[in-house]
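To be precise, the following lines are start_15.cif, and they hold mmCIF, C-alpha atoms; chains and numbers go by the auth columns.
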data_data
loop_
_atom_site.group_PDB
_atom_site.id
_atom_site.type_symbol
_atom_site.label_atom_id
_atom_site.label_comp_id
_atom_site.label_asym_id
_atom_site.label_seq_id
_atom_site.Cartn_x
_atom_site.Cartn_y
_atom_site.Cartn_z
_atom_site.B_iso_or_equiv
_atom_site.auth_seq_id
_atom_site.auth_asym_id
ATOM 1 C CA MET A 1 -10.626 0.329 9.500 0.00 115 A
ATOM 2 C CA THR A 2 -10.622 -1.623 6.228 0.00 116 A
ATOM 3 C CA LYS A 3 -11.176 0.365 3.075 0.00 117 A
ATOM 4 C CA THR A 4 -13.654 -0.900 0.499 0.00 118 A
ATOM 5 C CA HIS A 5 -12.036 -1.132 -2.909 0.00 119 A
ATOM 6 C CA MET A 6 -13.626 -0.789 -6.286 0.00 120 A
ATOM 7 C CA THR A 7 -12.851 -3.713 -8.542 0.00 121 A
ATOM 8 C CA LYS A 8 -13.160 -3.401 -12.302 0.00 122 A
ATOM 9 C CA LEU A 9 -13.459 -6.419 -14.568 0.00 123 A
ATOM 10 C CA ILE A 10 -11.306 -6.223 -17.674 0.00 124 A
ATOM 11 C CA ASP A 11 -10.357 -8.719 -20.349 0.00 125 A
ATOM 12 C CA ALA A 12 -6.688 -9.479 -21.006 0.00 126 A
ATOM 13 C CA LEU A 13 -6.651 -7.830 -24.433 0.00 127 A
ATOM 14 C CA SER A 14 -8.028 -4.550 -23.034 0.00 128 A
ATOM 15 C CA ALA A 15 -5.623 -4.714 -20.090 0.00 129 A
ATOM 16 C CA ARG A 16 -2.689 -5.145 -22.473 0.00 130 A
ATOM 17 C CA ALA A 17 -3.852 -2.410 -24.845 0.00 131 A
ATOM 18 C CA ASN A 18 -4.452 0.026 -21.958 0.00 132 A
ATOM 19 C CA PHE A 19 -1.791 -1.117 -19.521 0.00 133 A
ATOM 20 C CA GLY A 20 -0.502 2.391 -18.729 0.00 134 A
ATOM 21 C CA LYS A 21 -4.023 3.618 -17.979 0.00 135 A
ATOM 22 C CA VAL A 22 -4.757 0.520 -15.886 0.00 136 A
ATOM 23 C CA MET A 23 -1.566 1.048 -13.868 0.00 137 A
ATOM 24 C CA ASN A 24 -2.398 4.717 -13.343 0.00 138 A
ATOM 25 C CA GLU A 25 -5.936 3.980 -12.143 0.00 139 A
ATOM 26 C CA ALA A 26 -4.700 1.232 -9.832 0.00 140 A
ATOM 27 C CA GLU A 27 -2.138 3.572 -8.302 0.00 141 A
ATOM 28 C CA LYS A 28 -3.928 6.930 -8.272 0.00 142 A
ATOM 29 C CA LYS A 29 -7.556 5.850 -7.787 0.00 143 A
ATOM 30 C CA ASP A 30 -6.855 2.739 -5.687 0.00 144 A
ATOM 31 C CA ILE A 31 -8.838 0.555 -8.100 0.00 145 A
ATOM 32 C CA ARG A 32 -8.263 -3.174 -8.403 0.00 146 A
ATOM 33 C CA PHE A 33 -8.574 -4.867 -11.788 0.00 147 A
ATOM 34 C CA LEU A 34 -9.679 -8.472 -12.201 0.00 148 A
ATOM 35 C CA VAL A 35 -8.234 -9.549 -15.529 0.00 149 A
ATOM 36 C CA SER A 36 -9.906 -12.391 -17.385 0.00 150 A
ATOM 37 C CA ARG A 37 -8.966 -14.495 -20.377 0.00 151 A
ATOM 38 C CA ARG A 38 -11.715 -16.232 -22.327 0.00 152 A
ATOM 39 C CA GLY A 39 -14.170 -15.263 -19.587 0.00 153 A
ATOM 40 C CA LYS A 40 -12.175 -16.831 -16.747 0.00 154 A
ATOM 41 C CA PRO A 41 -10.525 -14.682 -14.043 0.00 155 A
ATOM 42 C CA LYS A 42 -6.735 -15.054 -14.245 0.00 156 A
ATOM 43 C CA VAL A 43 -4.952 -12.238 -12.353 0.00 157 A
ATOM 44 C CA VAL A 44 -5.545 -9.164 -10.221 0.00 158 A
ATOM 45 C CA ILE A 45 -3.799 -5.832 -10.773 0.00 159 A
ATOM 46 C CA LEU A 46 -3.561 -3.535 -7.756 0.00 160 A
ATOM 47 C CA SER A 47 -1.295 -0.784 -6.487 0.00 161 A
ATOM 48 C CA VAL A 48 1.772 -1.572 -4.411 0.00 162 A
ATOM 49 C CA GLU A 49 0.308 0.465 -1.557 0.00 163 A
ATOM 50 C CA ASP A 50 -2.917 -1.584 -1.680 0.00 164 A
ATOM 51 C CA TYR A 51 -0.872 -4.792 -1.811 0.00 165 A
ATOM 52 C CA LEU A 52 1.267 -3.855 1.189 0.00 166 A
ATOM 53 C CA ARG A 53 -1.689 -2.543 3.181 0.00 167 A
ATOM 54 C CA ASN A 54 -4.119 -5.402 2.559 0.00 168 A
ATOM 55 C CA ILE A 55 -2.328 -8.479 1.253 0.00 169 A
ATOM 56 C CA VAL A 56 1.073 -8.746 2.924 0.00 170 A
ATOM 57 C CA LYS A 57 0.777 -10.078 6.453 0.00 171 A
ATOM 58 C CA LYS A 58 2.800 -8.075 8.911 0.00 172 A
ATOM 59 C CA PRO A 59 4.052 -9.456 12.209 0.00 173 A
ATOM 60 C CA LYS A 60 1.796 -8.747 15.196 0.00 174 A
ATOM 61 C CA ILE A 61 4.533 -6.742 16.929 0.00 175 A
ATOM 62 C CA LEU A 62 4.891 -4.451 13.897 0.00 176 A
ATOM 63 C CA ALA A 63 1.123 -3.859 13.819 0.00 177 A
ATOM 64 C CA GLU A 64 1.214 -2.979 17.539 0.00 178 A
ATOM 65 C CA ILE A 65 4.119 -0.566 17.044 0.00 179 A
ATOM 66 C CA GLN A 66 2.311 1.121 14.149 0.00 180 A
ATOM 67 C CA GLN A 67 -0.886 1.401 16.170 0.00 181 A
ATOM 68 C CA ASP A 68 1.026 2.940 19.102 0.00 182 A
ATOM 69 C CA ALA A 69 2.659 5.410 16.694 0.00 183 A
ATOM 70 C CA VAL A 70 -0.752 6.530 15.434 0.00 184 A
ATOM 71 C CA ILE A 71 -2.080 6.928 18.976 0.00 185 A
ATOM 72 C CA THR A 72 0.913 9.018 20.092 0.00 186 A
ATOM 73 C CA GLY A 73 1.130 10.994 16.847 0.00 187 A
ATOM 74 C CA LEU A 74 4.573 9.648 15.953 0.00 188 A
ATOM 75 C CA ASP A 75 3.290 8.525 12.558 0.00 189 A
ATOM 76 C CA LYS A 76 3.218 12.205 11.545 0.00 190 A
ATOM 77 C CA MET A 77 6.948 12.822 12.147 0.00 191 A
ATOM 78 C CA THR A 78 8.959 14.088 9.208 0.00 192 A
ATOM 79 C CA ASP A 79 12.137 12.353 8.054 0.00 193 A
ATOM 80 C CA GLN A 80 14.140 15.228 9.527 0.00 194 A
ATOM 81 C CA GLU A 81 12.411 14.902 12.926 0.00 195 A
ATOM 82 C CA ILE A 82 13.145 11.168 12.946 0.00 196 A
ATOM 83 C CA GLN A 83 16.786 11.808 12.071 0.00 197 A
ATOM 84 C CA ASP A 84 17.018 14.442 14.849 0.00 198 A
ATOM 85 C CA GLU A 85 15.661 11.897 17.366 0.00 199 A
ATOM 86 C CA ILE A 86 18.201 9.302 16.235 0.00 200 A
ATOM 87 C CA ASP A 87 21.053 11.817 16.450 0.00 201 A
ATOM 88 C CA ALA A 88 19.959 12.925 19.952 0.00 202 A
ATOM 89 C CA SER A 89 19.733 9.323 21.127 0.00 203 A
ATOM 90 C CA ARG A 90 23.195 8.510 19.771 0.00 204 A
ATOM 91 C CA LYS A 91 24.620 11.650 21.350 0.00 205 A
ATOM 92 C CA ALA A 92 23.084 10.774 24.747 0.00 206 A
ATOM 93 C CA ARG A 93 24.743 7.313 24.662 0.00 207 A
ATOM 94 C CA LYS A 94 28.254 8.779 24.256 0.00 208 A
#
Final structure tokens representation of the file:
Amino acid sequence: MTKTHMTKLIDALSARANFGKVMNEAEKKDIRFLVSRRGKPKVVILSVEDYLRNIVKKPKILAEIQQDAVITGLDKMTDQEIQDEIDASRKARK
């Protein structure tokens, strides 16, 4: 399901003067900022998570693997559980 994002319009001077706040809102509140200069849109500021989730195209096989992980609950494994699975698999090969 695609998430609807709030987009705020901001001029370049305000973005520069409030850059820390803009970064925080983009990251913590998942807000996108459309930055304009002299009334013309120039750039978009968004969180890395938003960028990776919605902009970067992932290979079809990776999307299928991620979907299967969600269905089977594997997306909820902790780092330690993943490491334990890897160690058990390596041990079984020996």
Inset, instruction - Name the residues captured by the PyMOL selection byres ((chain A and resi 144-161) around 8) when it is applied to the shown file; answer as a ChimeraX atom specification. - result: /A:119-126,129,136-137,139-143,162-165
Legend entry - Straight-line distance linking atom CA of A:Ile175 with atom CA of A:Glu195, stated in Å to one decimal: 23.4 Å
Can you tell me, as lines of an AutoDock Vina configuration file, the centre and edge lengths (Å, one decimal) of the axis-aligned box enclosing all of stretch 148-165 of chain A's listed atoms after padding each side by 8 Å?
center_x = -6.2
center_y = -8.2
center_z = -11.9
size_x = 31.9
size_y = 33.3
size_z = 36.8
Inset, instruction - May I ask for the distance between atom CA of A:Asp189 and atom CA of A:Lys171, given in Å to one decimal place? - result: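 Separation of atom CA of A:Asp189 and atom CA of A:Lys171: 19.7 Å.
For the atom pair formed by atom CA of A:Arg167 and atom CA of A:Thr192, the distance is 20.6 Å, given to one decimal.
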Dump of chain A from preceding block, C-alpha atoms, as a CSV table (one decimal), in the first residue's frame:
chain,number,residue,atom,x,y,z
A,115,MET,CA,0.0,0.0,0.0
A,116,THR,CA,1.4,3.4,-1.0
A,117,LYS,CA,1.5,6.0,1.7
A,118,THR,CA,0.2,9.5,1.0
A,119,HIS,CA,2.9,12.1,1.9
A,120,MET,CA,2.4,15.7,3.0
A,121,THR,CA,4.3,18.1,0.8
A,122,LYS,CA,5.2,21.6,2.1
A,123,LEU,CA,6.1,24.4,-0.2
A,124,ILE,CA,9.1,26.4,1.1
A,125,ASP,CA,11.3,29.1,-0.5
A,126,ALA,CA,15.0,28.6,-0.7
A,127,LEU,CA,15.8,31.3,1.8
A,128,SER,CA,13.5,29.8,4.4
A,129,ALA,CA,14.9,26.3,3.7
A,130,ARG,CA,18.4,27.5,4.2
A,131,ALA,CA,17.6,29.5,7.4
A,132,ASN,CA,15.7,26.5,8.9
A,133,PHE,CA,17.6,23.6,7.3
A,134,GLY,CA,17.9,21.7,10.6
A,135,LYS,CA,14.2,21.9,11.3
A,136,VAL,CA,13.4,21.0,7.6
A,137,MET,CA,15.7,17.9,7.9
A,138,ASN,CA,14.1,16.9,11.2
A,139,GLU,CA,10.5,17.2,9.8
A,140,ALA,CA,11.4,15.3,6.7
A,141,GLU,CA,12.9,12.5,8.7
A,142,LYS,CA,10.7,12.3,11.8
A,143,LYS,CA,7.3,13.4,10.3
A,144,ASP,CA,7.9,11.9,6.8
A,145,ILE,CA,7.2,15.3,5.2
A,146,ARG,CA,8.5,16.2,1.7
A,147,PHE,CA,9.5,19.8,1.0
A,148,LEU,CA,9.3,21.4,-2.4
A,149,VAL,CA,11.9,24.1,-2.4
A,150,SER,CA,11.4,27.1,-4.8
A,151,ARG,CA,13.6,29.9,-5.9
A,152,ARG,CA,12.0,33.1,-7.3
A,153,GLY,CA,8.6,31.2,-7.3
A,154,LYS,CA,9.9,28.3,-9.4
A,155,PRO,CA,10.2,24.8,-7.9
A,156,LYS,CA,13.8,23.7,-7.9
A,157,VAL,CA,14.4,20.7,-5.6
A,158,VAL,CA,12.6,18.3,-3.2
A,159,ILE,CA,13.8,17.4,0.3
A,160,LEU,CA,12.7,14.1,1.7
A,161,SER,CA,13.9,11.5,4.1
A,162,VAL,CA,16.3,8.7,3.1
A,163,GLU,CA,13.6,6.2,4.1
A,164,ASP,CA,11.0,7.9,1.9
A,165,TYR,CA,13.6,8.0,-0.9
A,166,LEU,CA,14.4,4.3,-0.7
A,167,ARG,CA,10.8,3.3,-0.2
A,168,ASN,CA,9.3,5.3,-3.0
A,169,ILE,CA,11.9,6.6,-5.4
A,170,VAL,CA,14.6,3.9,-5.8
A,171,LYS,CA,13.4,1.1,-8.1
A,172,LYS,CA,14.2,-2.3,-6.7
A,173,PRO,CA,14.6,-5.4,-8.8
A,174,LYS,CA,11.4,-7.5,-9.1
A,175,ILE,CA,13.1,-10.5,-7.4
A,176,LEU,CA,13.9,-8.4,-4.4
A,177,ALA,CA,10.3,-7.1,-4.1
A,178,GLU,CA,9.1,-10.7,-4.3
A,179,ILE,CA,11.5,-11.8,-1.6
A,180,GLN,CA,10.5,-8.9,0.7
A,181,GLN,CA,6.8,-9.7,0.1
A,182,ASP,CA,7.4,-13.4,0.9
A,183,ALA,CA,9.2,-12.3,4.1
A,184,VAL,CA,6.2,-10.3,5.2
A,185,ILE,CA,3.8,-13.1,4.5
A,186,THR,CA,5.9,-15.6,6.5
A,187,GLY,CA,6.7,-13.2,9.3
A,188,LEU,CA,10.5,-13.3,8.6
A,189,ASP,CA,10.5,-9.5,8.3
A,190,LYS,CA,10.1,-9.4,12.1
A,191,MET,CA,13.3,-11.4,12.9
A,192,THR,CA,15.9,-9.7,15.0
A,193,ASP,CA,19.5,-9.4,14.0
A,194,GLN,CA,20.4,-12.1,16.5
A,195,GLU,CA,17.8,-14.5,15.1
A,196,ILE,CA,19.1,-13.9,11.6
A,197,GLN,CA,22.7,-14.5,12.8
A,198,ASP,CA,21.6,-17.7,14.6
A,199,GLU,CA,20.0,-19.0,11.3
A,200,ILE,CA,23.2,-18.2,9.4
A,201,ASP,CA,25.3,-20.0,12.0
A,202,ALA,CA,23.0,-23.0,12.0
A,203,SER,CA,23.0,-23.2,8.2
A,204,ARG,CA,26.8,-23.0,8.1
A,205,LYS,CA,27.1,-25.7,10.8
A,206,ALA,CA,24.8,-28.0,8.9
A,207,ARG,CA,27.0,-27.7,5.8
A,208,LYS,CA,30.1,-28.9,7.6
